>>> print(open('data-v2.txt').read())   # compact mmCIF, C-alpha atoms
# COMPACT_ATOMS: atom_id res chain seq x y z
CA MET Y 1 36.95 91.80 -13.73
CA LYS Y 2 36.55 91.36 -10.06
CA LEU Y 3 35.66 87.96 -8.68
CA ASP Y 4 32.34 89.02 -7.12
CA LYS Y 5 31.23 90.49 -10.44
CA LEU Y 6 32.16 87.28 -12.27
CA ASP Y 7 30.25 85.28 -9.71
CA GLY Y 8 27.12 87.38 -10.24
CA LEU Y 9 27.44 87.08 -14.01
CA LEU Y 10 27.69 83.27 -13.86
CA ARG Y 11 24.70 83.04 -11.53
CA ASP Y 12 22.54 85.16 -13.84
CA THR Y 13 23.55 83.13 -16.91
CA LEU Y 14 22.74 79.87 -15.14
CA LYS Y 15 19.34 81.20 -14.05
CA ALA Y 16 18.55 82.21 -17.62
CA GLU Y 17 19.56 78.74 -18.90
CA VAL Y 18 17.39 76.97 -16.30
CA ALA Y 19 14.45 79.21 -17.05
CA ALA Y 20 14.79 78.46 -20.77
CA SER Y 21 14.85 74.69 -20.14
CA ALA Y 22 12.16 74.59 -17.46
CA GLU Y 23 9.49 73.42 -19.86
CA ARG Y 24 11.62 70.46 -20.97
CA LEU Y 25 12.33 69.37 -17.34
CA ILE Y 26 8.62 68.95 -16.53
CA GLU Y 27 7.80 65.24 -16.06
CA LEU Y 28 11.31 64.31 -17.17
CA GLU Y 29 11.34 61.17 -14.97
CA GLU Y 30 8.05 59.81 -16.37
CA ARG Y 31 9.17 60.43 -19.91
CA VAL Y 32 12.47 58.59 -19.34
CA ILE Y 33 10.60 55.58 -17.98
CA MET Y 34 8.23 55.61 -20.94
CA LYS Y 35 11.15 55.73 -23.34
CA LEU Y 36 12.76 52.78 -21.65
CA GLY Y 37 9.47 50.94 -21.88
CA ASP Y 38 9.28 51.66 -25.60
CA ARG Y 39 12.74 50.25 -26.11
CA HIS Y 40 11.92 46.91 -24.34
CA PRO Y 41 8.15 46.55 -24.49
CA ARG Y 42 6.65 43.57 -22.63
CA LEU Y 43 5.28 41.30 -25.29
CA ARG Y 44 2.12 39.27 -25.08
CA TRP Y 45 2.45 35.69 -26.42
CA PHE Y 46 0.82 36.49 -29.74
CA GLN Y 47 3.03 39.57 -30.19
CA TRP Y 48 6.05 37.40 -29.49
CA LEU Y 49 4.89 34.84 -32.03
CA GLY Y 50 4.27 37.65 -34.49
CA GLN Y 51 7.84 38.80 -34.07
CA LEU Y 52 9.08 35.41 -35.19
CA SER Y 53 8.24 36.48 -38.69
CA ALA Y 54 8.84 40.17 -38.21
CA SER Y 55 12.22 40.29 -36.49
CA THR Y 56 15.61 39.98 -38.07
CA ARG Y 57 16.97 36.68 -39.35
CA GLY Y 58 19.45 36.47 -36.45
CA ALA Y 59 16.81 37.03 -33.81
CA ARG Y 60 14.50 34.55 -35.48
CA LEU Y 61 17.17 31.85 -35.50
CA GLY Y 62 17.90 32.51 -31.82
CA GLN Y 63 14.26 32.07 -30.86
CA VAL Y 64 13.94 28.89 -32.86
CA ALA Y 65 17.11 27.56 -31.22
CA VAL Y 66 15.76 28.28 -27.72
CA VAL Y 67 12.44 26.58 -28.46
CA GLY Y 68 14.20 23.60 -30.05
CA ALA Y 69 16.64 23.16 -27.19
CA THR Y 70 13.81 23.30 -24.62
CA ALA Y 71 11.81 20.70 -26.52
CA ALA Y 72 14.89 18.45 -26.80
CA ILE Y 73 15.55 18.68 -23.05
CA PHE Y 74 11.93 17.81 -22.21
CA LEU Y 75 11.96 14.90 -24.64
CA PHE Y 76 15.21 13.55 -23.20
CA VAL Y 77 13.99 13.84 -19.60
CA GLY Y 78 10.65 12.27 -20.53
CA LEU Y 79 12.22 9.28 -22.24
CA THR Y 80 14.72 8.76 -19.44
CA LEU Y 81 11.99 8.81 -16.80
CA SER Y 82 9.73 6.55 -18.86
CA ASP Y 83 12.49 3.93 -18.79
CA ARG Y 84 12.49 4.15 -15.01
CA ILE Y 85 8.84 4.42 -14.19
CA LEU Y 86 7.15 2.37 -16.88
CA PRO Y 87 7.78 -1.33 -16.77
CA GLY Y 88 7.73 -3.50 -19.84
CA GLY Y 89 9.27 -1.04 -22.31
CA GLY Y 90 8.29 -1.40 -25.95
CA ALA Y 91 4.81 -0.24 -26.82
CA SER Y 92 3.94 0.66 -23.24
CA ARG Y 93 6.95 2.91 -22.79
CA LEU Y 94 5.18 6.16 -23.28
CA SER Y 95 1.93 5.03 -21.73
CA LEU Y 96 0.94 6.10 -18.22
CA GLN Y 97 -1.69 3.37 -18.00
CA PRO Y 98 -0.93 0.50 -15.61
CA VAL Y 99 -0.03 -2.79 -17.24
CA ARG Y 100 -2.82 -5.23 -16.42
CA SER Y 101 -3.36 -8.82 -17.34
CA ALA Y 102 -6.70 -10.44 -18.06
CA ASP Y 103 -7.15 -11.67 -14.48
CA GLY Y 104 -6.65 -8.17 -13.13
CA THR Y 105 -3.10 -8.78 -11.97
CA GLN Y 106 -1.12 -5.62 -12.32
CA GLU Y 107 2.52 -4.66 -12.55
CA VAL Y 108 3.02 -2.21 -9.71
CA LEU Y 109 6.08 -0.04 -9.41
CA PHE Y 110 7.64 0.45 -5.99
CA VAL Y 111 9.93 3.46 -5.82
CA LEU Y 112 11.99 4.62 -2.88
CA PRO Y 113 14.63 7.35 -2.74
CA ALA Y 114 17.43 6.14 -0.46
CA LEU Y 115 20.60 8.00 -1.36
CA ASP Y 116 23.17 6.25 0.80
CA ALA Y 117 21.52 2.84 0.97
CA GLU Y 118 23.32 -0.32 -0.01
CA ASN Y 119 20.33 -2.69 0.03
CA VAL Y 120 16.65 -1.92 -0.32
CA ALA Y 121 13.84 -4.49 -0.35
CA VAL Y 122 10.07 -4.48 -0.18
CA VAL Y 123 8.19 -6.95 2.02
CA GLY Y 124 4.45 -7.46 2.14
CA ASN Y 125 1.57 -9.87 2.08
CA PHE Y 126 2.24 -10.40 -1.64
CA ASN Y 127 5.59 -12.07 -0.93
CA ALA Y 128 4.77 -13.58 2.47
CA TRP Y 129 6.82 -10.76 4.05
CA GLN Y 130 10.03 -12.05 2.53
CA GLY Y 131 12.07 -9.39 0.80
CA THR Y 132 11.94 -8.63 -2.89
CA ALA Y 133 15.01 -6.58 -3.74
CA LEU Y 134 14.74 -3.11 -5.29
CA SER Y 135 17.48 -2.10 -7.71
CA ASP Y 136 19.34 1.09 -8.50
CA PRO Y 137 21.43 0.30 -11.57
CA ASP Y 138 22.50 3.87 -12.31
CA GLY Y 139 23.41 4.62 -8.70
CA ASP Y 140 21.33 7.80 -8.42
CA GLY Y 141 19.76 6.73 -5.12
CA ILE Y 142 16.31 5.99 -6.60
CA TRP Y 143 15.50 2.35 -5.94
CA THR Y 144 12.77 0.61 -7.91
CA ALA Y 145 11.10 -2.76 -8.31
CA SER Y 146 8.15 -3.82 -10.39
CA ILE Y 147 5.98 -6.51 -8.82
CA SER Y 148 2.90 -8.31 -10.09
CA LEU Y 149 0.03 -7.78 -7.67
CA SER Y 150 -3.41 -9.35 -7.70
CA PRO Y 151 -6.47 -7.11 -7.30
CA GLY Y 152 -7.21 -6.24 -3.69
CA ARG Y 153 -5.55 -4.75 -0.66
CA HIS Y 154 -1.82 -5.14 -0.11
CA GLU Y 155 0.15 -4.27 3.02
CA TYR Y 156 3.87 -3.69 2.73
CA ALA Y 157 6.96 -1.92 4.01
CA PHE Y 158 10.47 -1.21 2.77
CA ILE Y 159 13.64 -2.47 4.41
CA ILE Y 160 16.57 -0.11 3.93
CA ASP Y 161 19.87 -1.64 5.04
CA GLY Y 162 18.00 -3.67 7.65
CA ARG Y 163 15.82 -0.79 8.89
CA TRP Y 164 12.06 -0.90 8.29
CA TRP Y 165 10.34 2.00 6.55
CA GLY Y 166 6.57 1.68 6.49
CA GLN Y 167 5.47 5.07 5.19
CA ASP Y 168 5.68 4.97 1.42
CA PRO Y 169 4.57 8.35 0.00
CA LEU Y 170 2.83 6.48 -2.82
CA ALA Y 171 0.67 4.41 -0.45
CA ASP Y 172 -3.11 4.72 -0.31
CA GLU Y 173 -3.13 4.50 3.48
CA TYR Y 174 -1.03 3.57 6.48
CA ILE Y 175 -1.73 1.24 9.34
CA GLN Y 176 0.13 0.38 12.50
CA SER Y 177 1.15 -3.17 13.08
CA PHE Y 178 3.25 -4.49 15.97
CA GLY Y 179 3.88 -0.86 16.90
CA GLU Y 180 5.31 0.08 13.49
CA TYR Y 181 3.84 1.60 10.36
CA SER Y 182 2.94 -0.37 7.26
CA SER Y 183 1.80 1.02 3.94
CA VAL Y 184 -1.26 -0.14 2.05
CA ARG Y 185 -2.06 -0.11 -1.64
CA TYR Y 186 -5.36 -0.99 -3.25
CA ILE Y 187 -5.04 -2.65 -6.66
CA GLY Y 188 -7.75 -2.85 -9.27
CA ARG Y 189 -9.80 0.23 -8.55
CA GLY Y 190 -10.55 1.62 -12.03
CA GLY Y 191 -6.96 2.44 -12.91
CA ASP Y 192 -6.26 4.92 -10.13
CA ASP Y 193 -3.85 2.67 -8.34
CA ALA Y 194 -0.86 2.43 -10.61
CA MET X 1 5.40 -46.09 25.79
CA ILE X 2 6.55 -43.52 23.29
CA SER X 3 6.52 -46.04 20.46
CA ARG X 4 2.96 -47.02 21.42
CA LYS X 5 1.86 -43.40 21.22
CA LEU X 6 3.57 -43.03 17.88
CA CYS X 7 1.86 -46.15 16.59
CA THR X 8 -1.53 -44.83 17.67
CA LEU X 9 -0.77 -41.52 15.98
CA TRP X 10 0.22 -43.28 12.78
CA ILE X 11 -2.94 -45.36 12.84
CA ILE X 12 -4.95 -42.14 13.07
CA LEU X 13 -2.88 -40.20 10.60
CA ILE X 14 -2.55 -42.69 7.74
CA PRO X 15 -6.28 -42.98 6.96
CA LEU X 16 -6.60 -39.26 7.65
CA SER X 17 -3.96 -38.52 5.04
CA LEU X 18 -5.62 -40.82 2.54
CA ALA X 19 -9.02 -39.28 3.18
CA VAL X 20 -8.02 -35.70 2.68
CA GLY X 21 -5.31 -36.35 0.12
CA ALA X 22 -7.81 -36.17 -2.69
CA PHE X 23 -8.93 -32.64 -1.69
CA ALA X 24 -5.73 -31.09 -0.42
CA GLN X 25 -3.16 -29.43 -2.58
CA ILE X 26 -0.57 -30.47 -0.03
CA PRO X 27 -0.71 -33.90 1.60
CA LEU X 28 -1.29 -33.96 5.33
CA ALA X 29 2.00 -35.84 5.71
CA GLU X 30 3.82 -32.66 4.72
CA TYR X 31 2.29 -30.79 7.65
CA GLU X 32 3.02 -33.71 9.88
CA ARG X 33 6.70 -33.69 8.89
CA ALA X 34 6.92 -29.97 9.60
CA LEU X 35 5.16 -30.29 12.97
CA TYR X 36 7.55 -33.00 14.07
CA SER X 37 10.45 -30.74 13.15
CA ILE X 38 9.26 -28.03 15.56
CA PRO X 39 8.73 -30.40 17.54
CA ALA X 40 5.08 -29.87 18.50
CA SER X 41 3.86 -31.57 21.66
CA ASN X 42 0.33 -32.04 20.33
CA PRO X 43 0.65 -32.56 16.58
CA GLY X 44 -2.43 -34.77 16.43
CA TYR X 45 -4.76 -31.95 17.44
CA ILE X 46 -3.18 -29.45 15.05
CA LEU X 47 -3.27 -31.94 12.20
CA SER X 48 -6.92 -32.76 12.81
CA THR X 49 -7.82 -29.07 12.57
CA ILE X 50 -5.76 -28.73 9.41
CA GLU X 51 -7.77 -31.60 8.02
CA LEU X 52 -10.95 -29.71 8.91
CA GLY X 53 -9.55 -26.57 7.28
CA MET X 54 -8.85 -28.42 4.08
CA THR X 55 -12.57 -28.59 3.48
CA GLN X 56 -12.67 -24.77 3.28
CA GLU X 57 -12.60 -23.40 -0.26
CA ASP X 58 -10.13 -20.68 0.67
CA PHE X 59 -7.86 -22.80 2.85
CA PRO X 60 -4.34 -21.39 2.37
CA ALA X 61 -2.57 -24.75 2.20
CA GLU X 62 0.79 -23.59 0.91
CA THR X 63 1.11 -20.52 3.08
CA LEU X 64 0.26 -22.51 6.22
CA LEU X 65 2.97 -25.05 5.42
CA SER X 66 5.36 -22.21 4.67
CA LEU X 67 4.57 -20.66 8.08
CA ILE X 68 5.23 -23.94 9.90
CA ASP X 69 8.52 -24.30 8.02
CA ARG X 70 9.50 -20.77 8.98
CA LEU X 71 8.68 -21.48 12.61
CA VAL X 72 10.84 -24.61 12.45
CA SER X 73 13.89 -22.51 11.67
CA HIS X 74 13.04 -19.88 14.33
CA PRO X 75 15.35 -19.92 17.36
CA ALA X 76 12.50 -19.58 19.92
CA PRO X 77 11.56 -22.50 22.20
CA PRO X 78 9.18 -25.10 20.65
CA PHE X 79 6.30 -24.26 23.01
CA GLU X 80 6.25 -20.66 21.75
CA LYS X 81 6.12 -21.84 18.15
CA GLU X 82 3.38 -24.31 18.97
CA ALA X 83 1.34 -21.59 20.70
CA ILE X 84 1.07 -19.77 17.38
CA LEU X 85 -0.02 -22.94 15.61
CA LEU X 86 -2.53 -23.70 18.35
CA GLY X 87 -4.09 -20.28 17.75
CA LEU X 88 -4.52 -21.15 14.10
CA ALA X 89 -5.83 -24.58 15.06
CA HIS X 90 -8.53 -23.00 17.25
CA ALA X 91 -9.57 -20.80 14.35
CA LEU X 92 -9.78 -23.78 11.99
CA GLU X 93 -11.71 -25.77 14.56
CA ASP X 94 -14.19 -22.90 14.80
CA GLY X 95 -14.55 -22.78 11.02
CA LEU X 96 -12.91 -19.37 10.71
CA PRO X 97 -10.69 -18.31 7.81
CA ILE X 98 -7.01 -18.22 8.79
CA GLU X 99 -5.52 -16.35 5.84
CA SER X 100 -5.31 -13.00 7.64
CA LEU X 101 -3.91 -14.64 10.79
CA ILE X 102 -1.13 -16.31 8.83
CA ASN X 103 -0.32 -13.01 7.16
CA LYS X 104 -0.05 -11.33 10.55
CA ALA X 105 2.24 -14.10 11.80
CA PHE X 106 4.47 -13.73 8.73
CA GLU X 107 4.68 -10.00 9.29
CA GLY X 108 5.58 -10.42 12.94
CA LEU X 109 8.30 -12.94 12.09
CA ALA X 110 9.73 -10.66 9.41
CA ARG X 111 9.79 -7.73 11.83
CA GLY X 112 11.61 -9.83 14.40
CA VAL X 113 8.77 -9.55 16.92
CA PRO X 114 9.03 -12.06 19.81
CA LEU X 115 6.79 -15.09 19.24
CA GLN X 116 4.85 -14.49 22.44
CA GLN X 117 3.91 -11.03 21.22
CA ILE X 118 2.87 -12.42 17.85
CA GLU X 119 0.73 -15.00 19.62
CA ARG X 120 -0.98 -12.29 21.69
CA GLY X 121 -1.68 -10.31 18.53
CA LEU X 122 -3.13 -13.39 16.85
CA SER X 123 -5.36 -14.09 19.86
CA VAL X 124 -6.91 -10.62 19.57
CA ARG X 125 -7.41 -11.04 15.83
CA LEU X 126 -8.96 -14.46 16.41
CA ILE X 127 -11.44 -13.00 18.90
CA LEU X 128 -12.27 -10.27 16.40
CA LEU X 129 -12.93 -12.80 13.65
CA ALA X 130 -15.26 -14.80 15.87
CA GLU X 131 -17.06 -11.73 17.23
CA THR X 132 -17.45 -10.20 13.79
CA ARG X 133 -18.90 -13.42 12.45
CA ASP X 134 -21.38 -13.47 15.34
CA LEU X 135 -22.24 -9.86 14.58
CA LEU X 136 -22.93 -10.67 10.93
CA TYR X 137 -25.06 -13.64 11.97
CA SER X 138 -26.97 -11.47 14.40
CA LYS X 139 -27.70 -9.05 11.55
CA GLY X 140 -29.12 -11.85 9.46
CA ILE X 141 -26.11 -12.17 7.19
CA PHE X 142 -25.33 -15.87 6.86
CA ASN X 143 -22.99 -18.04 4.87
CA VAL X 144 -23.76 -21.11 2.81
CA PRO X 145 -21.22 -23.72 1.74
CA ALA X 146 -20.40 -23.81 -1.96
CA GLY X 147 -23.02 -25.72 -3.93
CA SER X 148 -25.66 -25.54 -1.20
CA PRO X 149 -28.99 -23.93 -1.99
CA GLN X 150 -29.42 -20.32 -0.92
CA THR X 151 -32.41 -20.42 1.40
CA VAL X 152 -32.53 -16.74 2.32
CA ALA X 153 -31.53 -13.67 0.34
CA THR X 154 -28.95 -12.62 2.90
CA ALA X 155 -27.18 -15.99 2.96
CA ILE X 156 -24.10 -15.56 0.85
CA PRO X 157 -21.60 -18.16 -0.38
CA MET X 158 -18.83 -18.99 2.07
CA LEU X 159 -16.00 -17.46 0.04
CA ARG X 160 -17.75 -14.12 -0.26
CA PHE X 161 -18.83 -14.23 3.38
CA ASN X 162 -15.28 -14.96 4.55
CA ARG X 163 -13.87 -12.05 2.54
CA LEU X 164 -16.33 -9.69 4.18
CA LEU X 165 -15.61 -11.18 7.57
CA ILE X 166 -11.84 -10.80 7.16
CA HIS X 167 -12.03 -7.18 6.03
CA VAL X 168 -14.46 -6.04 8.73
CA SER X 169 -12.57 -7.77 11.53
CA GLU X 170 -9.15 -6.70 10.22
CA THR X 171 -10.30 -3.09 10.03
CA ILE X 172 -11.32 -3.23 13.68
CA GLY X 173 -8.00 -4.90 14.55
CA ASP X 174 -5.95 -2.29 12.68
CA PHE X 175 -7.98 0.49 14.28
CA LEU X 176 -7.33 -0.83 17.79
CA GLU X 177 -3.66 -1.52 17.08
CA GLY X 178 -3.29 2.02 15.77
CA GLY X 179 -4.44 3.36 19.14
CA GLY X 180 -8.15 3.81 18.38
CA SER X 181 -10.68 3.53 21.17
CA PRO X 182 -13.56 1.03 20.98
CA PHE X 183 -15.85 3.87 22.03
CA GLU X 184 -15.15 5.79 18.82
CA GLY X 185 -17.82 3.77 17.07
CA HIS X 186 -18.48 6.35 14.36
CA VAL X 187 -14.80 6.59 13.46
CA LEU X 188 -14.60 2.82 13.42
CA TYR X 189 -17.66 2.59 11.20
CA GLN X 190 -16.10 5.11 8.82
CA GLU X 191 -12.93 2.98 8.68
CA VAL X 192 -14.98 -0.11 7.84
CA TYR X 193 -16.95 1.88 5.28
CA ASN X 194 -13.74 3.13 3.65
CA ARG X 195 -12.15 -0.27 3.38
CA LEU X 196 -15.21 -2.06 2.07
CA THR X 197 -15.95 0.59 -0.52
CA MET X 198 -12.32 0.60 -1.66
CA LEU X 199 -12.66 -3.13 -2.36
CA GLN X 200 -16.18 -2.95 -3.74
CA GLY X 201 -16.16 -4.32 -7.26
CA VAL X 202 -12.59 -5.54 -6.81
CA THR X 203 -12.61 -8.44 -4.37
CA LEU X 204 -16.01 -7.75 -2.79
CA LEU X 205 -19.33 -7.70 -4.55
CA PRO X 206 -21.14 -4.35 -4.34
CA GLU X 207 -24.33 -6.02 -3.06
CA ASP X 208 -22.40 -7.71 -0.23
CA VAL X 209 -20.78 -4.42 0.77
CA GLU X 210 -24.13 -2.68 0.65
CA LEU X 211 -25.72 -5.39 2.79
CA VAL X 212 -23.09 -5.13 5.52
CA LEU X 213 -22.96 -1.34 5.59
CA GLU X 214 -26.73 -1.19 5.70
CA ARG X 215 -27.08 -3.58 8.61
CA ILE X 216 -24.21 -2.84 10.95
CA GLU X 217 -24.05 0.27 13.09
CA PRO X 218 -21.26 2.09 14.91
CA SER X 219 -22.45 0.73 18.25
CA ASP X 220 -22.18 -2.85 16.91
CA LEU X 221 -18.54 -2.28 16.05
CA THR X 222 -17.93 -0.78 19.48
CA GLN X 223 -19.32 -3.97 21.05
CA VAL X 224 -17.02 -6.17 18.96
CA ALA X 225 -13.98 -4.02 19.73
CA LEU X 226 -14.76 -4.02 23.44
CA VAL X 227 -14.81 -7.81 23.58
CA ALA X 228 -11.40 -7.90 21.88
CA VAL X 229 -9.75 -5.48 24.28
CA SER X 230 -11.34 -6.80 27.45
>>> encode(input="data-v2.txt", output="structure tokens")
Amino acid sequence: MKLDKLDGLLRDTLKAEVAASAERLIELEERVIMKLGDRHPRLRWFQWLGQLSASTRGARLGQVAVVGATAAIFLFVGLTLSDRILPGGGASRLSLQPVRSADGTQEVLFVLPALDAENVAVVGNFNAWQGTALSDPDGDGIWTASISLSPGRHEYAFIIDGRWWGQDPLADEYIQSFGEYSSVRYIGRGGDDA
Amino acid sequence: MISRKLCTLWIILIPLSLAVGAFAQIPLAEYERALYSIPASNPGYILSTIELGMTQEDFPAETLLSLIDRLVSHPAPPFEKEAILLGLAHALEDGLPIESLINKAFEGLARGVPLQQIERGLSVRLILLAETRDLLYSKGIFNVPAGSPQTVATAIPMLRFNRLLIHVSETIGDFLEGGGSPFEGHVLYQEVYNRLTMLQGVTLLPEDVELVLERIEPSDLTQVALVAVS
């Protein structure tokens, strides 16, 4: 058989094959996408919960493990932070309410991130502008001190390695004094000042 | 000559100490000791005003002594230290509360501000206290000493009056120190409003706050601020 004849024969056969499959090629792309969607359908939360009981034992154990691990991490982080941000410990450990005494005096937490600092103190009208040291026992750069404050308005600033820092992000307002900033906290206003 | 002066001073001070000893938490002799350590050139005058101050209910006896002690250890010349104490003495003589002035002095010392600058700051605050008190008087808001009968509805006990006075005048002082203009009366009024309402029901009685906010106007605060800066 000559080459040009063979070429013609192959072309005709291919045309016939394509013509026979034409119907199946229509909307092939859409159908592939739909199939993929069927294999990994996006679940709503109730469908996902439903699958907890419907899926295989292995899958079910995996889901339970993920939920458990997440809960454990949140619990650990929560307890660790409560140690840092809630003074007093004991019964008040998991409480976000400020600790107040009968005369309205309140334990107020001063927090300052100062990563490379060696000494951090807070000065204000509550300590006659003489430093009360903040501590960072675990060395993570978050310095804290809990100070008893009477109800009213308190001006203060931090001293970080001898430098003054008067703009505490937790302050209620800022004022300028002797050309520098000071922070202000109001204590005793219906619990919104802790 | 010097010993004669000292004798005269002792003659004045001993009965003075005995007289006020019953009222004061800290004996006058303690202040006297501290003033001599500065050494103050006119301790008699300062002591006599301290004696006057001791009759105030809210006289900050301990913090004043603590300030004098801190000034003693300050390296500045004695006359600069005495200037600060004289400012406080003038306030006491005028019957004004000195708590906020002492706090400002403490802050200045802690910040390492030169004493002359602290003294200038105190002078402005002192003017503001006096002017604010006059403003309150002019608006019919008076004070009555503890235990005295309240003759008019707008006469409020001294302690409450002084708290209002301190907060209004300090707000004006902070506003000016922060670069505010005395002519921004409405902004200044808003600042006073904010501070008083933040302390309403905490250290200030709501009716006192209401009385002040009702009676003073932005233009009044402008007048007070103008006197302080002029």
>>> closest_residue(input="data-v2.txt", among="X:Pro157, X:Gly185, X:Gly87, X:Gly180", to="chain Y", atoms="only C-alpha atoms")
X:Gly180
>>> closest_residue(input="data-v2.txt", among="X:Ser41, X:Asn162, X:Thr197, X:Gln25", to="chain Y", atoms="all atoms listed in the file")
X:Thr197
>>> residues_around(input="data-v2.txt", residues="region 143-146 of chain Y", least_positions_apart="3", cutoff="10 Å", atoms="all atoms listed in the file", output="ChimeraX atom specification")
/Y:84-88,106-115,117,119-122,132-140,149
>>> write_last_selection(input="data-v2.txt", atoms="C-alpha atoms", output="PDB file, in the coordinates of the input")
ATOM      1  CA  ARG Y  84      12.490   4.150 -15.010  1.00  0.00           C
ATOM      2  CA  ILE Y  85       8.840   4.420 -14.190  1.00  0.00           C
ATOM      3  CA  LEU Y  86       7.150   2.370 -16.880  1.00  0.00           C
ATOM      4  CA  PRO Y  87       7.780  -1.330 -16.770  1.00  0.00           C
ATOM      5  CA  GLY Y  88       7.730  -3.500 -19.840  1.00  0.00           C
ATOM      6  CA  GLN Y 106      -1.120  -5.620 -12.320  1.00  0.00           C
ATOM      7  CA  GLU Y 107       2.520  -4.660 -12.550  1.00  0.00           C
ATOM      8  CA  VAL Y 108       3.020  -2.210  -9.710  1.00  0.00           C
ATOM      9  CA  LEU Y 109       6.080  -0.040  -9.410  1.00  0.00           C
ATOM     10  CA  PHE Y 110       7.640   0.450  -5.990  1.00  0.00           C
ATOM     11  CA  VAL Y 111       9.930   3.460  -5.820  1.00  0.00           C
ATOM     12  CA  LEU Y 112      11.990   4.620  -2.880  1.00  0.00           C
ATOM     13  CA  PRO Y 113      14.630   7.350  -2.740  1.00  0.00           C
ATOM     14  CA  ALA Y 114      17.430   6.140  -0.460  1.00  0.00           C
ATOM     15  CA  LEU Y 115      20.600   8.000  -1.360  1.00  0.00           C
ATOM     16  CA  ALA Y 117      21.520   2.840   0.970  1.00  0.00           C
ATOM     17  CA  ASN Y 119      20.330  -2.690   0.030  1.00  0.00           C
ATOM     18  CA  VAL Y 120      16.650  -1.920  -0.320  1.00  0.00           C
ATOM     19  CA  ALA Y 121      13.840  -4.490  -0.350  1.00  0.00           C
ATOM     20  CA  VAL Y 122      10.070  -4.480  -0.180  1.00  0.00           C
ATOM     21  CA  THR Y 132      11.940  -8.630  -2.890  1.00  0.00           C
ATOM     22  CA  ALA Y 133      15.010  -6.580  -3.740  1.00  0.00           C
ATOM     23  CA  LEU Y 134      14.740  -3.110  -5.290  1.00  0.00           C
ATOM     24  CA  SER Y 135      17.480  -2.100  -7.710  1.00  0.00           C
ATOM     25  CA  ASP Y 136      19.340   1.090  -8.500  1.00  0.00           C
ATOM     26  CA  PRO Y 137      21.430   0.300 -11.570  1.00  0.00           C
ATOM     27  CA  ASP Y 138      22.500   3.870 -12.310  1.00  0.00           C
ATOM     28  CA  GLY Y 139      23.410   4.620  -8.700  1.00  0.00           C
ATOM     29  CA  ASP Y 140      21.330   7.800  -8.420  1.00  0.00           C
ATOM     30  CA  LEU Y 149       0.030  -7.780  -7.670  1.00  0.00           C
TER      31      LEU Y 149
END
>>> closest_atom_pairs(input="data-v2.txt", of="chain X", to="chain Y", cutoff="6 Å", atoms="all atoms listed in the file", output="tab-separated table")
residue	atom	partner	partner_atom	distance
X:Glu107	CA	Y:Trp129	CA	5.7
X:Gly178	CA	Y:Gln176	CA	5.0
X:Thr203	CA	Y:Gly152	CA	5.9
>>> closest_residue(input="data-v2.txt", among="X:Thr132, X:Gln200, X:Thr49, X:Thr151", to="Ala225 (chain X)", atoms="all atoms listed in the file")
X:Thr132
>>> residues_around(input="data-v2.txt", residues="region 32-38 of chain X", least_positions_apart="2", cutoff="8 Å", atoms="only C-alpha atoms", output="PyMOL selection string")
chain X and resi 28-30+40+43+47+65+68-69+71-72+78+81-82
>>> closest_residue(input="data-v2.txt", among="Y:Ala171, Y:Thr70, Y:Thr105, Y:Glu17", to="Phe158 (chain Y)", atoms="all atoms listed in the file")
Y:Ala171
>>> atom_distance(input="data-v2.txt", atom1="CA of Phe79 (chain X)", atom2="CA of Arg133 (chain X)")
29.4 Å
>>> residues_around(input="data-v2.txt", residues="region 124-127 of chain X", least_positions_apart="3", cutoff="10 Å", atoms="only C-alpha atoms", output="NGL selection string")
:X and (87-88 or 90-91 or 96-98 or 100-101 or 104 or 119-121 or 130-133 or 166 or 169-170 or 172-174 or 176-177 or 224-225 or 227-230)
>>> atom_distance(input="data-v2.txt", atom1="CA of Ile84 (chain X)", atom2="CA of Asp161 (chain Y)")
28.9 Å
>>> closest_residue(input="data-v2.txt", among="X:Leu213, X:Leu165, X:Ala61, X:Met54", to="Leu128 (chain X)", atoms="all atoms listed in the file")
X:Leu165
>>> atom_distance(input="data-v2.txt", atom1="CA of Tyr31 (chain X)", atom2="CA of Tyr45 (chain X)")
12.1 Å
>>> decode(input="data-v2.txt", residues="region 7-18 of chain Y", atoms="C-alpha atoms", output="PDB file, in the first residue's frame")
ATOM      1  CA  ASP Y   7      -2.606   8.451   5.055  1.00  0.00           C
ATOM      2  CA  GLY Y   8      -6.069   8.888   3.543  1.00  0.00           C
ATOM      3  CA  LEU Y   9      -7.305   5.701   5.195  1.00  0.00           C
ATOM      4  CA  LEU Y  10      -6.108   6.820   8.643  1.00  0.00           C
ATOM      5  CA  ARG Y  11      -7.688  10.246   8.220  1.00  0.00           C
ATOM      6  CA  ASP Y  12     -11.059   8.751   7.279  1.00  0.00           C
ATOM      7  CA  THR Y  13     -10.982   6.318  10.216  1.00  0.00           C
ATOM      8  CA  LEU Y  14     -10.165   9.132  12.640  1.00  0.00           C
ATOM      9  CA  LYS Y  15     -12.995  11.273  11.260  1.00  0.00           C
ATOM     10  CA  ALA Y  16     -15.432   8.395  11.713  1.00  0.00           C
ATOM     11  CA  GLU Y  17     -14.253   7.871  15.325  1.00  0.00           C
ATOM     12  CA  VAL Y  18     -14.636  11.584  16.162  1.00  0.00           C
TER      13      VAL Y  18
END
